[in-house]
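Text of data-v9.txt, listed as compact mmCIF, C-alpha atoms:
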```
# COMPACT_ATOMS: atom_id res chain seq x y z
CA MET A 1 17.68 -21.63 83.53
CA ALA A 2 20.26 -23.20 85.82
CA ASN A 3 22.43 -20.11 85.54
CA PHE A 4 19.43 -17.94 86.30
CA HIS A 5 18.73 -20.04 89.40
CA VAL A 6 22.27 -19.40 90.65
CA ILE A 7 21.81 -15.67 90.25
CA ALA A 8 18.17 -15.17 91.22
CA GLY A 9 17.37 -18.14 93.46
CA ARG A 10 14.75 -20.85 93.25
CA ASP A 11 11.63 -18.65 93.58
CA GLU A 12 10.03 -17.04 90.56
CA SER A 13 9.21 -13.98 92.69
CA PRO A 14 11.99 -13.82 95.30
CA VAL A 15 11.27 -11.94 98.52
CA GLN A 16 14.07 -9.62 99.56
CA PRO A 17 15.21 -10.47 103.12
CA VAL A 18 14.45 -7.82 105.73
CA VAL A 19 17.51 -6.22 107.33
CA ARG A 20 17.35 -5.04 110.95
CA ASN A 21 19.10 -2.14 112.65
CA ILE A 22 21.76 -3.47 115.01
CA GLY A 23 24.25 -1.95 117.42
CA ALA A 24 27.15 -2.73 119.72
CA PRO A 25 25.11 -5.12 121.94
CA GLU A 26 24.37 -7.34 118.93
CA LEU A 27 28.07 -7.41 117.99
CA THR A 28 29.02 -8.38 121.51
CA GLU A 29 26.36 -11.08 121.59
CA ALA A 30 27.44 -12.49 118.20
CA LEU A 31 31.05 -12.69 119.35
CA ARG A 32 30.01 -14.29 122.64
CA LYS A 33 27.97 -16.93 120.82
CA GLY A 34 30.82 -17.53 118.40
CA LEU A 35 33.17 -18.16 121.31
CA ASP A 36 30.57 -20.42 122.91
CA ASP A 37 30.30 -22.45 119.68
CA PHE A 38 34.07 -22.79 119.60
CA LYS A 39 34.17 -24.04 123.19
CA GLU A 40 31.38 -26.55 122.57
CA MET A 41 32.85 -27.92 119.33
CA PRO A 42 36.65 -27.75 119.77
CA THR A 43 37.69 -31.01 118.08
CA HIS A 44 36.26 -30.42 114.63
CA LEU A 45 36.96 -26.69 114.83
CA ALA A 46 40.63 -27.42 115.41
CA PHE A 47 40.47 -29.85 112.46
CA ILE A 48 39.14 -27.26 110.04
CA GLY A 49 40.81 -24.28 111.70
CA LEU A 50 44.32 -25.65 111.23
CA ILE A 51 43.76 -25.81 107.48
CA TYR A 52 43.79 -22.03 107.23
CA PRO A 53 47.17 -21.26 108.85
CA LEU A 54 48.81 -24.25 107.17
CA LEU A 55 47.51 -23.15 103.77
CA GLY A 56 48.61 -19.61 104.50
CA VAL A 57 52.12 -20.76 105.37
CA CYS A 58 52.29 -22.86 102.20
CA LEU A 59 51.16 -19.96 100.04
CA ALA A 60 53.65 -17.64 101.73
CA ALA A 61 56.45 -20.15 101.22
CA LEU A 62 55.84 -19.99 97.47
CA THR A 63 56.86 -16.33 97.50
CA PHE A 64 60.30 -16.81 99.05
CA SER A 65 61.88 -16.90 95.63
CA LYS A 66 63.26 -13.56 94.45
CA ASN A 67 60.44 -13.09 91.96
CA GLY A 68 57.83 -13.71 94.64
CA LEU A 69 59.20 -11.59 97.47
CA PRO A 70 57.18 -8.44 96.62
CA LEU A 71 53.98 -10.51 96.83
CA LEU A 72 54.71 -12.01 100.26
CA PHE A 73 52.74 -9.47 102.28
CA PRO A 74 49.93 -9.02 99.68
CA LEU A 75 49.51 -12.79 99.55
CA VAL A 76 49.34 -13.26 103.33
CA SER A 77 47.11 -10.24 103.91
CA GLY A 78 44.96 -11.00 100.88
CA PHE A 79 44.33 -14.52 102.15
CA ALA A 80 41.72 -12.94 104.44
CA LEU A 81 39.72 -12.03 101.31
CA LEU A 82 38.89 -15.72 100.95
CA GLY A 83 37.94 -16.12 104.62
CA PRO A 84 34.15 -15.87 104.11
CA LEU A 85 34.28 -18.76 101.64
CA ALA A 86 36.55 -20.86 103.88
CA ALA A 87 34.18 -20.34 106.82
CA VAL A 88 31.07 -21.80 105.14
CA GLY A 89 31.57 -25.12 106.92
CA LEU A 90 31.70 -23.32 110.25
CA TYR A 91 28.42 -21.56 109.47
CA GLU A 92 26.89 -24.98 108.91
CA LEU A 93 28.07 -26.24 112.30
CA SER A 94 26.61 -23.19 114.05
CA ARG A 95 23.36 -23.63 112.14
CA ARG A 96 23.11 -27.26 113.22
CA ARG A 97 23.93 -26.48 116.84
CA GLU A 98 21.29 -23.76 116.78
CA LEU A 99 18.75 -26.37 115.64
CA GLY A 100 19.88 -28.90 118.25
CA LEU A 101 21.32 -31.27 115.63
CA ASP A 102 24.51 -33.33 115.68
CA THR A 103 27.62 -31.22 115.11
CA SER A 104 30.37 -33.76 114.48
CA TRP A 105 33.12 -32.66 112.09
CA GLU A 106 31.66 -34.71 109.22
CA HIS A 107 28.83 -32.18 109.00
CA LEU A 108 31.31 -29.55 107.81
CA PHE A 109 30.82 -31.10 104.38
CA ASP A 110 27.01 -30.98 104.46
CA VAL A 111 27.42 -27.75 102.52
CA LEU A 112 28.18 -29.94 99.49
CA ARG A 113 24.57 -31.16 99.61
CA SER A 114 23.02 -27.75 100.09
CA PRO A 115 20.48 -26.58 97.47
CA SER A 116 22.42 -23.31 97.42
CA LEU A 117 25.77 -24.94 96.57
CA PRO A 118 25.93 -23.52 93.00
CA SER A 119 25.29 -20.02 94.35
CA ILE A 120 27.85 -20.50 97.13
CA LEU A 121 30.43 -21.63 94.58
CA ALA A 122 29.59 -18.66 92.37
CA MET A 123 30.18 -16.31 95.29
CA GLY A 124 33.43 -18.14 95.96
CA PHE A 125 34.58 -17.52 92.38
CA VAL A 126 33.78 -13.84 92.85
CA LEU A 127 36.04 -13.67 95.91
CA MET A 128 38.80 -15.63 94.20
CA GLY A 129 38.59 -13.25 91.26
CA ILE A 130 38.97 -10.27 93.60
CA PHE A 131 41.92 -12.01 95.27
CA VAL A 132 43.68 -12.48 91.92
CA VAL A 133 43.03 -8.84 90.96
CA TRP A 134 44.46 -7.75 94.34
CA LEU A 135 47.69 -9.70 93.71
CA ALA A 136 47.97 -8.29 90.19
CA THR A 137 47.43 -4.77 91.55
CA ALA A 138 50.08 -5.28 94.24
CA GLN A 139 52.54 -6.53 91.61
CA ALA A 140 51.77 -3.55 89.37
CA LEU A 141 52.33 -1.15 92.27
CA TYR A 142 55.71 -2.73 93.02
CA GLU A 143 56.81 -2.57 89.38
CA TRP A 144 55.67 1.07 89.13
CA LEU A 145 57.95 1.97 92.05
CA TYR A 146 60.85 -0.47 91.55
CA GLY A 147 60.65 -1.62 87.96
CA PRO A 148 60.39 -5.21 86.68
CA MET A 149 63.59 -6.43 88.37
CA PRO A 150 63.02 -8.67 91.44
CA PRO A 151 64.70 -7.92 94.79
CA ARG A 152 68.20 -9.34 95.24
CA SER A 153 67.51 -10.76 98.70
CA TYR A 154 64.83 -10.93 101.35
CA LEU A 155 66.75 -8.84 103.89
CA GLY A 156 67.74 -6.31 101.26
CA PHE A 157 64.16 -5.91 100.13
CA LEU A 158 62.94 -5.55 103.73
CA LYS A 159 65.57 -2.86 104.43
CA GLU A 160 64.68 -1.03 101.24
CA VAL A 161 60.97 -0.99 102.09
CA LEU A 162 61.41 0.14 105.70
CA THR A 163 64.19 2.73 105.32
CA THR A 164 63.50 4.59 102.07
CA SER A 165 60.85 7.02 100.92
CA ARG A 166 60.06 4.77 97.97
CA GLY A 167 59.53 1.88 100.37
CA TRP A 168 57.17 3.88 102.55
CA THR A 169 55.27 4.95 99.43
CA LEU A 170 54.84 1.25 98.68
CA ILE A 171 53.61 0.59 102.23
CA ILE A 172 51.15 3.50 102.34
CA LEU A 173 49.71 3.05 98.85
CA GLY A 174 49.59 -0.71 99.32
CA HIS A 175 47.58 -0.38 102.53
CA LEU A 176 45.21 2.17 100.98
CA ILE A 177 44.56 -0.02 97.95
CA GLY A 178 44.24 -3.09 100.18
CA PHE A 179 41.68 -1.25 102.29
CA VAL A 180 39.52 -0.70 99.21
CA PHE A 181 39.69 -4.39 98.28
CA ALA A 182 38.91 -5.44 101.85
CA ALA A 183 35.97 -3.03 102.09
CA VAL A 184 34.47 -4.38 98.86
CA VAL A 185 34.83 -8.01 99.94
CA PHE A 186 33.45 -7.30 103.41
CA SER A 187 30.43 -5.43 102.03
CA ILE A 188 29.40 -8.12 99.55
CA SER A 189 30.16 -11.16 101.73
CA VAL A 190 29.54 -10.38 105.41
CA ILE A 191 25.92 -11.54 105.09
CA SER A 192 25.81 -13.28 101.71
CA PHE A 193 27.43 -16.63 102.57
CA PRO A 194 25.39 -17.28 105.74
CA LEU A 195 22.27 -16.16 103.89
CA LEU A 196 22.88 -18.57 101.01
CA LEU A 197 23.45 -21.40 103.46
CA ASP A 198 20.21 -20.52 105.22
CA ARG A 199 18.03 -20.08 102.12
CA ASP A 200 18.36 -20.58 98.39
CA CYS A 201 17.89 -16.97 97.36
CA GLY A 202 20.57 -16.63 94.66
CA VAL A 203 23.79 -14.66 94.38
CA ALA A 204 22.15 -11.37 93.38
CA CYS A 205 19.83 -11.40 96.39
CA ALA A 206 22.66 -12.41 98.74
CA ILE A 207 24.99 -9.62 97.61
CA GLN A 208 22.17 -7.07 97.65
CA THR A 209 21.19 -8.07 101.18
CA SER A 210 24.80 -7.91 102.38
CA LEU A 211 25.25 -4.44 100.89
CA LYS A 212 21.97 -3.33 102.42
CA ALA A 213 23.05 -4.61 105.85
CA VAL A 214 26.20 -2.50 105.60
CA MET A 215 24.32 0.58 104.41
CA VAL A 216 21.62 0.28 107.09
CA ASN A 217 24.22 -0.27 109.82
CA PRO A 218 27.35 1.58 108.60
CA LYS A 219 28.85 2.33 112.02
CA THR A 220 28.08 -1.08 113.49
CA MET A 221 29.37 -2.95 110.46
CA GLY A 222 32.42 -0.67 110.39
CA VAL A 223 33.18 -1.62 113.98
CA TRP A 224 32.70 -5.30 113.13
CA ALA A 225 35.07 -4.97 110.17
CA LEU A 226 37.70 -3.39 112.42
CA MET A 227 37.23 -6.15 114.99
CA VAL A 228 37.65 -8.81 112.30
CA ALA A 229 40.76 -7.09 110.89
CA GLY A 230 42.29 -6.69 114.35
CA LEU A 231 41.66 -10.30 115.35
CA LEU A 232 42.97 -11.63 112.04
CA MET A 233 46.09 -9.50 112.42
CA ALA A 234 46.62 -10.75 115.96
CA GLY A 235 46.11 -14.34 114.83
CA SER A 236 48.55 -13.89 111.96
CA LEU A 237 51.45 -12.57 114.02
CA PRO A 238 52.71 -15.88 115.46
CA LEU A 239 53.37 -17.38 112.00
CA LEU A 240 49.62 -17.54 111.31
CA VAL A 241 49.15 -20.23 113.97
CA GLY A 242 46.71 -18.05 115.91
CA LEU A 243 44.30 -18.24 112.98
CA ALA A 244 43.49 -21.78 114.09
CA VAL A 245 41.58 -20.16 116.96
CA VAL A 246 40.65 -16.78 115.50
CA MET A 247 39.13 -18.05 112.25
CA PRO A 248 36.69 -20.54 113.84
CA ILE A 249 35.53 -18.00 116.42
CA LEU A 250 34.98 -15.33 113.76
CA GLY A 251 33.26 -17.84 111.49
CA HIS A 252 30.74 -18.82 114.14
CA ALA A 253 30.29 -15.22 115.26
CA THR A 254 29.54 -14.20 111.67
CA TRP A 255 26.72 -16.75 111.53
CA HIS A 256 25.18 -15.28 114.68
CA LEU A 257 25.70 -11.75 113.33
CA TYR A 258 23.71 -12.79 110.27
CA ARG A 259 20.95 -14.15 112.52
CA VAL A 260 20.49 -10.84 114.36
CA THR A 261 20.89 -8.73 111.20
CA VAL A 262 18.45 -10.49 108.85
CA GLU A 263 14.93 -11.42 109.84
CA PRO A 264 14.11 -15.13 109.44
CA PRO A 265 12.08 -16.14 106.38
CA ALA A 266 8.44 -17.09 106.45
CA PRO A 267 8.00 -20.82 107.26
CA GLU A 268 6.99 -21.70 103.71
CA ARG A 269 10.18 -20.10 102.34
CA ALA A 270 12.59 -21.48 104.93
CA HIS A 271 15.63 -23.37 103.68
CA PRO A 272 15.16 -27.16 104.08
CA VAL A 273 17.41 -28.74 106.68
CA VAL A 274 20.15 -30.71 104.92
CA ASN A 275 20.87 -34.21 106.21
CA PRO A 276 19.80 -33.76 109.86
```
Same coordinates, now as structure tokens:
Amino acid sequence: MANFHVIAGRDESPVQPVVRNIGAPELTEALRKGLDDFKEMPTHLAFIGLIYPLLGVCLAALTFSKNGLPLLFPLVSGFALLGPLAAVGLYELSRRRELGLDTSWEHLFDVLRSPSLPSILAMGFVLMGIFVVWLATAQALYEWLYGPMPPRSYLGFLKEVLTTSRGWTLIILGHLIGFVFAAVVFSISVISFPLLLDRDCGVACAIQTSLKAVMVNPKTMGVWALMVAGLLMAGSLPLLVGLAVVMPILGHATWHLYRVTVEPPAPERAHPVVNP
């Protein structure tokens, strides 16, 4: 029964959340509110935001051995696949600020007391599984083109990739495959994590609602995905340090995007406020 609760939520007859049609004005407003949240809560956002670039640098450093060089770019770019899970604490801060509650950095960890925690963790395992499959796929692509032997040096590998037809095949196919992985993760998670934080509806309902939001608003969500990708790329360029600003802003903006995309629940089904 506990496993069923994680999948289907706490209600015996769950009500599917209602998804609204949204457009460019809602995207602009969500981003504006996300920036406003960041300005109002800079201390704890810097605290949590710095974790992401530091972790990214540490993960990238692990690939600077010869065996790991081909996975350097897939690892750094694929780190964004885990962004929705890493941003759950930021959603909680935005939720609390929206309710007029205290938003000190300690409340980042209120998620650990959420009734939806098992479902949130289950969604997290889904994203981590996709991340592992992405790395395995990138490794398989490299070995298909170059064989099982690792590159001799970092500079040699970089020159090979940028100046040969085989290298450009790796770049083009890698980006196409990465796009598919990113599209899947975006579609199942853009709404699901904020929704689970807001109400204990279960993983199945959260994923279904997220997919529905993308299908109902394909152009708008496509623009949002491009905005997210562009901002993450810009934040990653200066040795990932820019992610300390970009990730918190996007995290808060995603919460507000959820708010305008999904209609609030009826009062009797609303998620209880955790530790106000």
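The smallest atom-to-atom distance between Met221 in chain A and any of A:Glu98, A:Glu106, A:Asp200, A:Glu26, using all atoms listed in the file, is found for A:Glu26.
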Of A:Pro115, A:Phe157, A:Gly23, A:Ser187, the one nearest to Leu211 in chain A when counting all atoms listed in the file is A:Ser187
re CA of Gly129 in chain A and CA of Ala204 in chain A: distance 16.7 Å
Which residues come within 12 Å of Leu117 in chain A, counting all atoms listed in the file, excluding same-chain residues fewer than 5 positions away, as a list in words?
-> His5, Val6, Ile7, Gly9, Leu85, Val88, Gly89, Phe109, Asp110, Val111, Leu112, Ala122, Met123, Gly124, Phe193, Pro194, Leu195, Leu196, Leu197, Asp198, Arg199, Asp200, Cys201, Gly202, Val203 and Val274 of chain A
Could you save the residues just selected, with C-alpha atoms, as a PDB file, in the frame of the given file?
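And here is the file that came out, again_29.pdb:
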```
ATOM      1  CA  HIS A   5      18.730 -20.040  89.400  1.00  0.00           C
ATOM      2  CA  VAL A   6      22.270 -19.400  90.650  1.00  0.00           C
ATOM      3  CA  ILE A   7      21.810 -15.670  90.250  1.00  0.00           C
ATOM      4  CA  GLY A   9      17.370 -18.140  93.460  1.00  0.00           C
ATOM      5  CA  LEU A  85      34.280 -18.760 101.640  1.00  0.00           C
ATOM      6  CA  VAL A  88      31.070 -21.800 105.140  1.00  0.00           C
ATOM      7  CA  GLY A  89      31.570 -25.120 106.920  1.00  0.00           C
ATOM      8  CA  PHE A 109      30.820 -31.100 104.380  1.00  0.00           C
ATOM      9  CA  ASP A 110      27.010 -30.980 104.460  1.00  0.00           C
ATOM     10  CA  VAL A 111      27.420 -27.750 102.520  1.00  0.00           C
ATOM     11  CA  LEU A 112      28.180 -29.940  99.490  1.00  0.00           C
ATOM     12  CA  ALA A 122      29.590 -18.660  92.370  1.00  0.00           C
ATOM     13  CA  MET A 123      30.180 -16.310  95.290  1.00  0.00           C
ATOM     14  CA  GLY A 124      33.430 -18.140  95.960  1.00  0.00           C
ATOM     15  CA  PHE A 193      27.430 -16.630 102.570  1.00  0.00           C
ATOM     16  CA  PRO A 194      25.390 -17.280 105.740  1.00  0.00           C
ATOM     17  CA  LEU A 195      22.270 -16.160 103.890  1.00  0.00           C
ATOM     18  CA  LEU A 196      22.880 -18.570 101.010  1.00  0.00           C
ATOM     19  CA  LEU A 197      23.450 -21.400 103.460  1.00  0.00           C
ATOM     20  CA  ASP A 198      20.210 -20.520 105.220  1.00  0.00           C
ATOM     21  CA  ARG A 199      18.030 -20.080 102.120  1.00  0.00           C
ATOM     22  CA  ASP A 200      18.360 -20.580  98.390  1.00  0.00           C
ATOM     23  CA  CYS A 201      17.890 -16.970  97.360  1.00  0.00           C
ATOM     24  CA  GLY A 202      20.570 -16.630  94.660  1.00  0.00           C
ATOM     25  CA  VAL A 203      23.790 -14.660  94.380  1.00  0.00           C
ATOM     26  CA  VAL A 274      20.150 -30.710 104.920  1.00  0.00           C
TER      27      VAL A 274
END
```
Trp255 in chain A proximity check over A:Trp168, A:Phe179, A:Phe38, A:Tyr91, using all atoms listed in the file: winner is A:Tyr91
- Do you know which residues are at most 12 Å from Glu40 in chain A counting only C-alpha atoms, after dropping those on the same chain fewer than 4 positions away, and could you put them as a VMD selection string? chain A and resid 33 to 36 44 to 46 93 to 94 97 to 98 102 to 104 248 to 249 252
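Considering the residues A:Leu173, A:Val185, A:Leu90, A:Leu72 and counting all atoms listed in the file, Asp37 in chain A has its shortest atom-to-atom contact with A:Leu90.
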The residue from A:Gly83, A:Pro118, A:Pro74, A:Gly147 with the smallest atom-to-atom distance to Val132 in chain A, counting only C-alpha atoms, is A:Pro74
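Between CA of Gly78 in chain A and CA of Leu237 in chain A the interatomic distance comes to 14.7 Å.
Of the listed residues (A:Leu257, A:Met149, A:Ala80, A:Val214), A:Ala80 comes nearest to Gly230 in chain A; the distances count only C-alpha atoms.
For Trp134 in chain A, the list of residues within 12 Å, based on only C-alpha atoms and with local chain neighbours fewer than 5 positions off taken out, reads Leu71, Phe73, Pro74, Leu75, Val76, Ser77, Gly78, Phe79, Ala80, Leu81, Leu82, Leu127, Met128, Gly129, Gln139, Ala140, Leu141, Gly174, His175, Leu176, Ile177, Gly178, Phe179, Val180, Phe181, Ala182, Val184 and Val185 of chain A.
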What separates CA of Tyr142 in chain A and CA of Leu155 in chain A is a distance of 16.7 Å
So that all listed atoms of range 176-179 of chain A fit with 6 Å spare on each side, what axis-aligned box centre and edge lengths in Å, to one decimal, would you give as AutoDock Vina command-line options?
```
--center_x 43.4 --center_y -0.5 --center_z 100.1 --size_x 15.5 --size_y 17.3 --size_z 16.3
```
Within 12 Å of Met227 in chain A, counting all atoms listed in the file, which residues qualify if same-chain residues fewer than 2 places away don't, as a PyMOL selection string? chain A and resi 24+27-28+31+220-225+229-234+246+250+253-254
